[in-house]
Each structure stands twice: as structure tokens, then as C-alpha cells.
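K.L.:
I am sharing coords-v2.tsv, which consists of TSV, C-alpha atoms and all ligand atoms:
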chain	number	residue	atom	x	y	z
A	22	MET	CA	0.00	0.00	0.00
A	23	ALA	CA	2.91	2.34	-0.65
A	24	ASN	CA	1.84	5.89	-1.44
A	25	SER	CA	-1.78	5.23	-0.58
A	26	LYS	CA	-3.93	8.18	0.42
A	27	TYR	CA	-3.94	6.89	3.99
A	28	GLU	CA	-0.22	7.13	4.39
A	29	TYR	CA	-0.40	10.69	5.73
A	30	VAL	CA	-1.13	9.08	9.12
A	31	ARG	CA	2.55	8.16	9.29
A	32	SER	CA	3.34	11.80	10.06
A	33	PHE	CA	1.31	11.47	13.29
A	34	GLU	CA	3.79	8.99	14.78
A	35	VAL	CA	5.23	10.31	18.03
A	36	GLU	CA	8.79	11.56	17.65
A	37	ASP	CA	10.93	10.04	20.38
A	38	GLU	CA	14.53	10.15	19.26
A	39	ILE	CA	16.99	10.32	22.18
A	40	MET	CA	19.44	12.95	21.03
A	41	LEU	CA	23.19	12.76	21.39
A	42	PRO	CA	25.11	13.20	23.64
A	43	ASN	CA	22.62	11.40	25.91
A	44	ILE	CA	23.49	7.85	26.89
A	45	ILE	CA	20.50	5.52	26.45
A	46	ILE	CA	19.52	3.25	29.33
A	47	VAL	CA	16.59	0.84	29.13
A	48	ARG	CA	15.20	-0.47	32.41
A	49	ILE	CA	12.78	-3.35	32.52
A	50	ASP	CA	10.85	-4.48	35.61
A	51	GLY	CA	8.55	-7.44	36.19
A	52	ARG	CA	4.89	-6.49	36.50
A	53	ASN	CA	3.41	-7.54	39.82
A	54	PHE	CA	6.22	-9.95	40.61
A	55	CYS	CA	5.06	-9.94	44.19
A	56	ARG	CA	2.19	-12.12	42.96
A	57	PHE	CA	4.28	-13.99	40.36
A	58	SER	CA	6.93	-15.01	42.92
A	59	LYS	CA	4.27	-16.20	45.40
A	60	PHE	CA	2.42	-18.16	42.73
A	61	HIS	CA	5.62	-19.90	41.67
A	62	GLU	CA	6.82	-20.39	45.23
A	63	PHE	CA	10.12	-18.57	44.89
A	64	GLU	CA	12.38	-18.96	47.89
A	65	LYS	CA	12.31	-16.00	50.25
A	66	PRO	CA	13.77	-13.48	50.18
A	67	ASN	CA	16.00	-14.58	47.29
A	68	ASP	CA	15.53	-17.47	44.94
A	69	MET	CA	18.87	-18.29	43.32
A	70	LYS	CA	17.28	-20.07	40.37
A	71	ALA	CA	14.90	-17.21	39.67
A	72	LEU	CA	17.77	-14.72	39.81
A	73	GLU	CA	19.86	-16.91	37.54
A	74	LEU	CA	16.97	-17.02	35.08
A	75	MET	CA	16.88	-13.20	35.02
A	76	ASN	CA	20.66	-13.19	34.48
A	77	LEU	CA	20.42	-15.69	31.61
A	78	CYS	CA	17.80	-13.50	29.92
A	79	ALA	CA	20.05	-10.46	30.34
A	80	ASP	CA	22.95	-12.38	28.79
A	81	ALA	CA	20.72	-13.27	25.84
A	82	VAL	CA	19.84	-9.57	25.43
A	83	LEU	CA	23.52	-8.60	25.45
A	84	GLU	CA	24.25	-11.33	22.94
A	85	LYS	CA	21.43	-10.22	20.66
A	86	PHE	CA	21.99	-6.46	20.70
A	87	PRO	CA	25.67	-5.64	20.26
A	88	ASP	CA	25.19	-1.94	21.04
A	89	ILE	CA	24.43	-2.80	24.67
A	90	ILE	CA	27.71	-2.69	26.51
A	91	PHE	CA	26.69	-2.90	30.15
A	92	SER	CA	23.87	-4.35	32.21
A	93	TYR	CA	22.91	-4.33	35.86
A	94	GLY	CA	20.08	-6.20	37.54
A	95	PHE	CA	18.57	-7.49	40.79
A	96	SER	CA	15.21	-8.86	41.91
A	97	ASP	CA	12.80	-8.47	38.96
A	98	GLU	CA	14.59	-5.62	37.23
A	99	TYR	CA	17.41	-5.08	34.74
A	100	SER	CA	19.03	-1.99	33.27
A	101	PHE	CA	20.75	-2.06	29.88
A	102	VAL	CA	23.18	0.65	28.80
A	103	LEU	CA	23.88	1.31	25.12
A	104	LYS	CA	27.13	2.72	23.84
A	105	LYS	CA	27.01	6.48	23.59
A	106	THR	CA	27.18	6.72	19.81
A	107	THR	CA	24.61	4.02	19.06
A	108	LYS	CA	22.52	4.50	15.94
A	109	PHE	CA	20.28	1.55	16.75
A	110	TYR	CA	16.79	2.26	15.35
A	111	GLN	CA	17.79	5.88	14.82
A	112	ARG	CA	17.90	6.15	18.64
A	113	ARG	CA	14.10	6.00	18.85
A	114	ALA	CA	13.08	5.24	22.43
A	115	SER	CA	9.92	3.25	21.75
A	116	LYS	CA	11.56	1.00	19.15
A	117	ILE	CA	14.56	0.24	21.34
A	118	HIS	CA	12.84	-0.44	24.66
A	119	SER	CA	9.95	-2.41	23.15
A	120	LEU	CA	12.40	-4.64	21.33
A	121	ILE	CA	14.52	-5.25	24.42
A	122	VAL	CA	11.62	-5.94	26.78
A	123	SER	CA	9.75	-8.24	24.40
A	124	PHE	CA	12.91	-10.23	23.66
A	125	PHE	CA	13.75	-10.45	27.39
A	126	THR	CA	10.23	-11.68	28.20
A	127	SER	CA	10.16	-14.34	25.51
A	128	VAL	CA	13.58	-15.64	26.60
A	129	TYR	CA	12.27	-15.75	30.19
A	130	VAL	CA	9.40	-17.99	29.13
A	131	ASN	CA	11.63	-19.99	26.83
A	132	LYS	CA	14.23	-20.79	29.47
A	133	TRP	CA	11.79	-21.37	32.34
A	134	LYS	CA	11.63	-25.16	31.98
A	135	ALA	CA	15.41	-25.64	31.94
A	136	GLN	CA	15.72	-23.51	35.06
A	137	PHE	CA	12.73	-24.97	36.91
A	138	PRO	CA	12.30	-28.54	35.61
A	139	GLN	CA	9.95	-29.37	38.51
A	140	LYS	CA	7.74	-26.29	38.19
A	141	ASP	CA	5.21	-25.38	35.54
A	142	LEU	CA	5.03	-21.80	34.43
A	143	ARG	CA	1.49	-21.19	35.62
A	144	TYR	CA	0.80	-17.96	33.81
A	145	ALA	CA	2.57	-15.67	31.36
A	146	PRO	CA	4.76	-13.04	33.08
A	147	SER	CA	5.03	-9.52	31.74
A	148	PHE	CA	7.70	-6.86	32.08
A	149	ARG	CA	7.42	-3.15	31.41
A	150	SER	CA	10.18	-0.92	30.13
A	151	ARG	CA	11.27	2.69	30.01
A	152	VAL	CA	14.13	4.71	28.64
A	153	ILE	CA	16.37	6.98	30.64
A	154	GLY	CA	18.55	9.49	28.78
A	155	CYS	CA	21.71	10.24	30.76
A	156	ALA	CA	23.36	13.50	29.79
A	157	SER	CA	26.82	12.38	30.88
A	158	ILE	CA	28.76	9.46	32.27
A	159	GLU	CA	28.55	11.11	35.71
A	160	VAL	CA	24.74	10.96	35.52
A	161	LEU	CA	25.00	7.33	34.47
A	162	GLN	CA	27.14	6.67	37.55
A	163	SER	CA	24.53	8.31	39.77
A	164	TYR	CA	21.85	6.21	38.11
A	165	LEU	CA	23.77	2.99	38.85
A	166	LEU	CA	24.47	4.12	42.40
A	167	TRP	CA	20.73	4.71	42.86
A	168	ARG	CA	19.77	1.26	41.54
A	169	GLN	CA	22.48	-0.50	43.53
A	170	SER	CA	21.47	1.21	46.75
A	171	GLU	CA	17.86	0.22	46.02
A	172	CYS	CA	19.08	-3.39	45.70
A	173	HIS	CA	20.96	-3.12	48.98
A	174	LEU	CA	18.14	-1.50	50.94
A	175	ASN	CA	15.47	-3.90	49.65
A	176	ASN	CA	17.61	-6.94	50.25
A	177	GLN	CA	18.66	-5.91	53.73
A	178	TYR	CA	15.04	-5.19	54.68
A	179	ASP	CA	13.75	-8.46	53.17
A	180	THR	CA	16.52	-10.48	54.85
A	181	CYS	CA	15.48	-9.05	58.24
A	182	PHE	CA	11.79	-9.47	57.51
A	183	TRP	CA	12.03	-13.16	56.55
A	184	GLN	CA	14.35	-13.96	59.45
A	185	LEU	CA	11.73	-12.52	61.81
A	186	ILE	CA	8.99	-14.55	60.13
A	187	LYS	CA	11.10	-17.72	60.30
A	188	SER	CA	11.63	-17.10	64.01
A	189	GLY	CA	7.86	-17.17	64.50
A	190	LYS	CA	6.85	-13.50	64.37
A	191	PRO	CA	3.56	-12.73	62.60
A	192	GLU	CA	3.92	-10.54	59.48
A	193	ASN	CA	2.36	-7.42	60.98
A	194	GLU	CA	4.65	-7.61	64.00
A	195	ALA	CA	7.74	-8.02	61.82
A	196	GLU	CA	6.66	-5.01	59.74
A	197	GLU	CA	6.12	-2.97	62.89
A	198	MET	CA	9.59	-3.86	64.20
A	199	LEU	CA	11.25	-2.73	60.96
A	200	LYS	CA	9.23	0.44	60.50
A	201	GLY	CA	11.53	3.47	60.40
A	202	SER	CA	14.63	1.34	61.08
A	203	LEU	CA	17.99	2.54	59.74
A	204	LYS	CA	20.60	0.49	57.91
A	205	GLN	CA	22.70	0.14	61.07
A	206	ASP	CA	19.65	-0.95	63.11
A	207	ARG	CA	18.90	-3.71	60.63
A	208	ASN	CA	22.51	-4.92	60.57
A	209	GLU	CA	22.47	-4.94	64.36
A	210	LEU	CA	19.18	-6.87	64.45
A	211	LEU	CA	20.55	-9.52	62.09
A	212	TYR	CA	23.72	-9.85	64.13
A	213	GLN	CA	22.25	-9.78	67.62
A	214	SER	CA	19.14	-11.88	67.03
A	215	PHE	CA	20.19	-14.25	64.26
A	216	ASN	CA	23.98	-14.27	64.38
A	217	ILE	CA	24.10	-13.11	60.76
A	218	ASN	CA	26.89	-10.82	59.62
A	219	TYR	CA	25.10	-9.18	56.69
A	220	LYS	CA	28.22	-8.39	54.65
A	221	LYS	CA	30.03	-11.65	55.32
A	222	ASP	CA	27.17	-14.16	55.38
A	223	ILE	CA	24.84	-12.97	52.62
A	224	PRO	CA	26.07	-13.73	49.07
A	225	GLU	CA	27.18	-10.79	46.95
A	226	ILE	CA	24.71	-11.59	44.19
A	227	PHE	CA	21.88	-10.86	46.68
A	228	ARG	CA	23.48	-7.83	48.30
A	229	GLN	CA	24.88	-6.11	45.21
A	230	GLY	CA	23.06	-7.49	42.17
A	231	THR	CA	24.64	-8.72	38.94
A	232	CYS	CA	26.49	-6.71	36.40
A	233	SER	CA	27.73	-7.73	32.96
A	234	LEU	CA	30.28	-5.84	30.94
A	235	ARG	CA	31.13	-6.11	27.32
A	236	THR	CA	34.89	-5.97	27.16
A	237	VAL	CA	37.07	-5.80	24.12
A	238	GLU	CA	40.14	-7.95	23.73
A	239	ASP	CA	42.74	-7.60	21.03
A	240	ILE	CA	43.62	-10.95	19.51
A	241	VAL	CA	46.11	-11.56	16.81
A	242	LYS	CA	45.33	-13.92	13.96
A	243	TYR	CA	47.75	-15.07	11.31
A	244	LYS	CA	46.99	-15.12	7.61
A	245	GLU	CA	48.17	-17.95	5.38
A	246	ASP	CA	51.20	-15.90	4.34
A	247	GLY	CA	52.18	-15.63	8.00
A	248	SER	CA	51.37	-11.95	8.42
A	249	ALA	CA	49.54	-10.96	11.59
A	250	VAL	CA	46.16	-9.23	11.68
A	251	LYS	CA	44.66	-7.70	14.77
A	252	ARG	CA	41.03	-8.46	15.48
A	253	CYS	CA	38.80	-7.16	18.24
A	254	LYS	CA	37.07	-9.87	20.18
A	255	ARG	CA	34.18	-8.84	22.37
A	256	LYS	CA	33.21	-10.89	25.36
A	257	PHE	CA	31.08	-10.55	28.45
A	258	THR	CA	32.30	-10.58	31.98
A	259	ARG	CA	29.94	-11.01	34.89
A	260	VAL	CA	30.66	-9.16	38.08
A	261	TYR	CA	28.87	-9.44	41.41
A	262	SER	CA	31.23	-8.00	43.90
A	263	GLU	CA	32.08	-4.56	42.62
A	264	ASN	CA	30.52	-1.38	43.74
A	265	ILE	CA	29.58	-0.46	40.20
A	266	ALA	CA	29.50	3.24	40.86
A	267	SER	CA	32.89	3.44	42.59
A	268	ARG	CA	35.90	5.17	41.06
A	269	ARG	CA	37.94	2.00	41.38
A	270	PHE	CA	35.45	0.09	39.25
A	271	TRP	CA	35.43	2.66	36.44
A	272	ASN	CA	39.18	3.15	36.55
A	273	ASN	CA	39.50	-0.51	35.66
A	274	GLN	CA	37.05	-0.25	32.77
A	275	LEU	CA	38.72	2.24	30.48
A	276	CYS	CA	37.41	0.45	27.37
A	277	LEU	CA	33.89	0.90	28.62
A	278	VAL	CA	34.50	4.51	29.56
A	279	LYS	CA	35.70	5.11	26.00
A	280	GLU	CA	32.38	3.87	24.62
A	281	LEU	CA	30.36	5.97	27.08
A	282	GLY	CA	32.22	9.25	26.66
A	283	GLN	CA	34.82	10.80	28.92
A	284	PHE	CA	34.46	11.91	32.50
A	285	THR	CA	34.64	15.65	32.97
A	286	GLU	CA	37.23	14.98	35.64
A	287	ASP	CA	39.74	12.31	34.66
A	288	LEU	CA	39.22	9.43	37.10
A	289	SER	CA	42.44	7.71	36.13
A	290	LYS	CA	44.49	10.50	37.72
A	301	LIG	P1	5.32	-3.66	40.09
A	301	LIG	O1	6.78	-3.73	39.68
A	301	LIG	O2	4.99	-2.32	40.63
A	301	LIG	O3	4.39	-4.12	39.02
A	301	LIG	O4	5.11	-4.68	41.30
A	301	LIG	P2	6.10	-5.78	41.85
A	301	LIG	O5	5.30	-6.67	42.74
A	301	LIG	O6	6.83	-6.44	40.73
A	301	LIG	O7	7.08	-4.91	42.77
A	301	LIG	P3	8.64	-4.62	42.68
A	301	LIG	O8	9.15	-4.69	41.29
A	301	LIG	O9	8.84	-3.34	43.41
A	301	LIG	O10	9.30	-5.75	43.55
A	301	LIG	C1	9.64	-7.02	43.10
A	301	LIG	C2	8.81	-8.09	43.76
A	301	LIG	O11	9.24	-9.37	43.27
A	301	LIG	C3	8.91	-8.14	45.27
A	301	LIG	O12	7.61	-8.27	45.80
A	301	LIG	C4	9.69	-9.39	45.57
A	301	LIG	C5	9.49	-10.23	44.34
A	301	LIG	N1	10.71	-11.01	44.06
A	301	LIG	C6	11.69	-10.71	43.17
A	301	LIG	N2	12.67	-11.65	43.24
A	301	LIG	C7	12.29	-12.54	44.18
A	301	LIG	C8	12.88	-13.73	44.71
A	301	LIG	O13	13.97	-14.16	44.31
A	301	LIG	N3	12.19	-14.39	45.69
A	301	LIG	C9	10.98	-13.94	46.14
A	301	LIG	N4	10.35	-14.63	47.11
A	301	LIG	N5	10.40	-12.82	45.67
A	301	LIG	C10	11.05	-12.14	44.71
A	302	MG	MG	8.20	-5.38	39.56
A	303	MG	MG	6.86	-1.20	42.33
A	304	MG	MG	11.27	-4.43	40.83
Would you kindly transcribe this structure into C-alpha cells?

P.N.:
Amino acid sequence: MANSKYEYVRSFEVEDEIMLPNIIIVRIDGRNFCRFSKFHEFEKPNDMKALELMNLCADAVLEKFPDIIFSYGFSDEYSFVLKKTTKFYQRRASKIHSLIVSFFTSVYVNKWKAQFPQKDLRYAPSFRSRVIGCASIEVLQSYLLWRQSECHLNNQYDTCFWQLIKSGKPENEAEEMLKGSLKQDRNELLYQSFNINYKKDIPEIFRQGTCSLRTVEDIVKYKEDGSAVKRCKRKFTRVYSENIASRRFWNNQLCLVKELGQFTEDLSK
């Protein structure tokens, strides 16, 4: 129907190009996973298999879309960061995030059985997505710091909450005890009442989330005539332990920094 008289409607499409120099982040989050995790009897507060399933889906996304160079996720959410100069779908927000979230969701369903051989997927999960345009690498760092502290606060709260429940407290009483508590109070509660050292005893994947980086490696191949050619090989590295917003972390990722733009203040100095 090219050039039909109805084609004028095309001009009504919403313009949503994310302009340079903004860095594009796509964040996806499970819809009503409170219900989904109860229905599928996820372990509380963290189900390693469910987390691993999220991580496998994120790996598949990184594999599928080469412009994504960094990802960070915990619980039912994942953030994907595209290289600064990406031209993917002319940088149109709706195209990019709809593609990522629909692919992520179908991989989630696809890999369910391998991850949970004993459990049927009882209903179709859905994820929603949004785009965040970060004006600089510093803003991106703040974004990651925000998400990682959200992971930490949620996990520390949930760890306390489920320990209290396991020890026999009713839910409303456990909630009351934790109301208005500070980070230090919760650490103290875990240590004094349950002999848990939050930092030492709780795995990093739960406390800090999972991050994947696309790193570039120079490898040398030899042609038949013996002459060497340099090729770039990209691979993923998974990291749990790092504080992804710390200077130390970014100082070790100069390749990544190059693809995201420079810091205003040189962190390597
Ligand atoms: P939303 O995102 O507003 O549609 O609603 P929810 O319920 O997805 O809320 P959200 O995203 O703030 O929190 C994630 C929920 O998923 C939270 O209720 C805990 C649950 N969840 C995520 N991972 C696990 C897990 O490994 N084990 C258990 N038991 N629950 C989990
Ligand atoms: Mg959710
Ligand atoms: Mg919510
Ligand atoms: Mg969430």
C-alpha cells in the first residue's frame, strides 16, 4: 500500500529520538512480581534459580543487541546501557525499549523449563520498560548508584523481615519492628538476634546485584602468508562483587568509559 492516500497518518507517529550526547539506558521491571513469585513459590527473600533465570535473559539480550555494553540487575529488574554513539533504530526510544523488553520476556518464558524442571510456568509473566537518557557518564554513575542502593536497601530489609517470620513473628509484628529502622539498626538486628553478619554471610549476588560488561580484547590472527592481523574480540564478563558506581570500578574499565564518553574529571588521575 505504498503511497496510498492513507499514508499521511505516518506523520502522526510520536517523535521520540533520544538525542546525542545522551546515553540511552533501558530499564525493565517485572509487572506484579510480588504475585508472580508467590504463585511460583520462589524462595524468600531470594531465589537463586529465579535470579539466575533473570541473568540468563540479560545475557541473551547482550548477545542479541551488540550496542548494549553494560547491564545491571537485581530482583525483577534489569538496566541495559547502550554505547554512547549508538545509531540503533535511529535512537528512537519506543523502538529500542519495546524490542529489548519483548525479547527479554520471551527468553524468560523460553528458558523457564530448563531452570525450573519441577515447576510449571502457571501464567505468562510480563515486564514493562522505560528509557532513561543520561546527559553524561557522571549521571550514568549516579543512576547505577541509585539502583544499587535500592538493591541493597530492599535486600537488607527483606533479609530481616524473613528472618523474623522464620523465628515465629507474625507478618504485621515483623513489619512494625522494621518500620523506620535505619541500615545500622537492621545490621544490628541480624547480628544480635540471628547471628548473621550481613556483609560476610549474605552472598554478593543478593546484596549487590549482577552486572555484565562487554569488554574488548585484542587478539592476533595469522593469515596464510604468516602476516599478523589484529582483530577485536568482544566478550562478556559477569561481576557481582564490585561497587559499580565506585571510582575503582570505572578506573579498571577504560574500554567501557571510551564507549560511554569521557568523564569531565579524569578518574584515572
Ligand atoms: P510492580 O513492579 O509495581 O508491578 O510490582 P512488583 O510486585 O513487581 O514490585 P517490585 O518490582 O517493586 O518488587 C519485586 C517483587 O518481586 C517483590 O515483591 C519481591 C518479588 N521477588 C523478586 N525476586 C524474588 C525472589 O527471588 N524471591 C521472592 N520470594 N520474591 C522475589
Ligand atoms: Mg516489579
Ligand atoms: Mg513497584
Ligand atoms: Mg522491581

K.L.:
Which one is closest to ligand LIG 301 (chain A): A:Asn264, A:Thr180, A:Ser157, A:Gln283? Count only C-alpha atoms and all ligand atoms.

P.N.:
A:Thr180

K.L.:
Could you please determine the separation between atom N5 of ligand LIG 301 (chain A) and CA of Lys65 (chain A) in Å, to one decimal place?

P.N.:
5.9 Å

K.L.:
Would you pick out the contacts of Asp80 (chain A) at 10 Å or less, using only C-alpha atoms, so that residues sharing its chain but fewer than 6 positions from it are not included, and give the list as a VMD selection string?

P.N.:
chain A and resid 74 92 125 233 257 259

K.L.:
Taking only C-alpha atoms and all ligand atoms into account, report as a PDB file with C-alpha atoms, keeping the file's coordinate frame which residues have an atom no farther than 6 Å from an atom of ligand LIG 301 (chain A).

P.N.:
ATOM      1  CA  ASP A  50      10.850  -4.480  35.610  1.00  0.00           C
ATOM      2  CA  GLY A  51       8.550  -7.440  36.190  1.00  0.00           C
ATOM      3  CA  ARG A  52       4.890  -6.490  36.500  1.00  0.00           C
ATOM      4  CA  ASN A  53       3.410  -7.540  39.820  1.00  0.00           C
ATOM      5  CA  PHE A  54       6.220  -9.950  40.610  1.00  0.00           C
ATOM      6  CA  CYS A  55       5.060  -9.940  44.190  1.00  0.00           C
ATOM      7  CA  SER A  58       6.930 -15.010  42.920  1.00  0.00           C
ATOM      8  CA  PHE A  63      10.120 -18.570  44.890  1.00  0.00           C
ATOM      9  CA  GLU A  64      12.380 -18.960  47.890  1.00  0.00           C
ATOM     10  CA  LYS A  65      12.310 -16.000  50.250  1.00  0.00           C
ATOM     11  CA  PRO A  66      13.770 -13.480  50.180  1.00  0.00           C
ATOM     12  CA  ASN A  67      16.000 -14.580  47.290  1.00  0.00           C
ATOM     13  CA  ASP A  68      15.530 -17.470  44.940  1.00  0.00           C
ATOM     14  CA  ALA A  71      14.900 -17.210  39.670  1.00  0.00           C
ATOM     15  CA  LEU A  72      17.770 -14.720  39.810  1.00  0.00           C
ATOM     16  CA  SER A  96      15.210  -8.860  41.910  1.00  0.00           C
ATOM     17  CA  ASP A  97      12.800  -8.470  38.960  1.00  0.00           C
TER      18      ASP A  97
END

K.L.:
How many Å lie between CA of Glu98 (chain A) and CA of Gln162 (chain A), rounded to one decimal?

P.N.:
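Taking CA of Glu98 (chain A) as the start and CA of Gln162 (chain A) as the end point, the length is 17.6 Å.
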
K.L.:
Go through A:Lys204, A:Lys244, A:Arg168, A:Arg143 and flag the residue nearest ligand MG 304 (chain A), using all atoms listed in the file for the distances.

P.N.:
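So, comparing all the options, the nearest one is A:Arg168.
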
K.L.:
Would you be able to write out as an NGL selection string which residues have an atom within 10 Å of (17.7, 10.4, 18.1) in the file's coordinates, counting only C-alpha atoms?

P.N.:
:A and (36-43 or 107-114)

K.L.:
Using all atoms listed in the file, which of A:Phe215, A:Tyr93, A:Tyr164, A:Tyr129 sits nearest Leu185 (chain A)?

P.N.:
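Looking only at the distances to Leu185 (chain A), the closest residue turns out to be A:Phe215.
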
K.L.:
Quick one: pull the distance between CA of His118 (chain A) and CA of Asp88 (chain A), Å, one decimal.

P.N.:
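Those two atoms sit 13.0 Å apart.
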
K.L.:
Calculated over only C-alpha atoms and all ligand atoms, which of the candidates A:Lys279, A:Arg149, A:Lys26, A:Lys254 has the smallest distance to ligand MG 304 (chain A)?

P.N.:
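Closest candidate: A:Arg149.
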
K.L.:
Of the candidates A:Pro146, A:Pro191, A:Pro224, A:Gly230, which shows the shortest atom-to-atom distance to ligand MG 302 (chain A), using all atoms listed in the file?

P.N.:
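Result for the nearest residue to ligand MG 302 (chain A): A:Pro146.
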
K.L.:
Taking 4 positions as the minimum chain separation for residues in the same chain, which residues sit within 10 Å of Asn208 (chain A) when counting all atoms listed in the file? Answer as a VMD selection string.

P.N.:
chain A and resid 177 to 178 180 to 181 203 to 204 212 to 213 217 to 220

K.L.:
So, counting all atoms listed in the file, which residue among A:Ser248, A:Thr231, A:Gln184, A:Asn175 is closest to ligand MG 304 (chain A)?

P.N.:
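With all atoms listed in the file as the atom set, the closest residue is A:Asn175.
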
K.L.:
Would you list the contacts of Leu281 (chain A) as number ranges by chain, taking every protein, DNA or RNA residue within 10 Å and counting only C-alpha atoms, but skipping same-chain residues closer than 2 positions in sequence?

P.N.:
A: 42-45, 90, 102-106, 157-158, 161, 275-279, 283-284

K.L.:
How would the residues just chosen look if you wrote them out with C-alpha atoms as a short mmCIF file (atom, residue, chain, number, x, y, z; two decimals), in the frame of the given file?

P.N.:
data_model
loop_
_atom_site.label_atom_id
_atom_site.label_comp_id
_atom_site.auth_asym_id
_atom_site.auth_seq_id
_atom_site.Cartn_x
_atom_site.Cartn_y
_atom_site.Cartn_z
CA PRO A 42 25.11 13.20 23.64
CA ASN A 43 22.62 11.40 25.91
CA ILE A 44 23.49 7.85 26.89
CA ILE A 45 20.50 5.52 26.45
CA ILE A 90 27.71 -2.69 26.51
CA VAL A 102 23.18 0.65 28.80
CA LEU A 103 23.88 1.31 25.12
CA LYS A 104 27.13 2.72 23.84
CA LYS A 105 27.01 6.48 23.59
CA THR A 106 27.18 6.72 19.81
CA SER A 157 26.82 12.38 30.88
CA ILE A 158 28.76 9.46 32.27
CA LEU A 161 25.00 7.33 34.47
CA LEU A 275 38.72 2.24 30.48
CA CYS A 276 37.41 0.45 27.37
CA LEU A 277 33.89 0.90 28.62
CA VAL A 278 34.50 4.51 29.56
CA LYS A 279 35.70 5.11 26.00
CA GLN A 283 34.82 10.80 28.92
CA PHE A 284 34.46 11.91 32.50
#

K.L.:
Considering only C-alpha atoms, return as a list in words whatever protein or nucleic-acid residues lie within 10 Å of Ser123 (chain A), sequence-local ones (same chain, fewer than 4 positions apart) excluded.

P.N.:
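These residues fall inside the cut-off: Ile49, His118, Ser119, Ser127, Val128, Tyr129, Ser147, Phe148, Arg149 and Ser150 of chain A.
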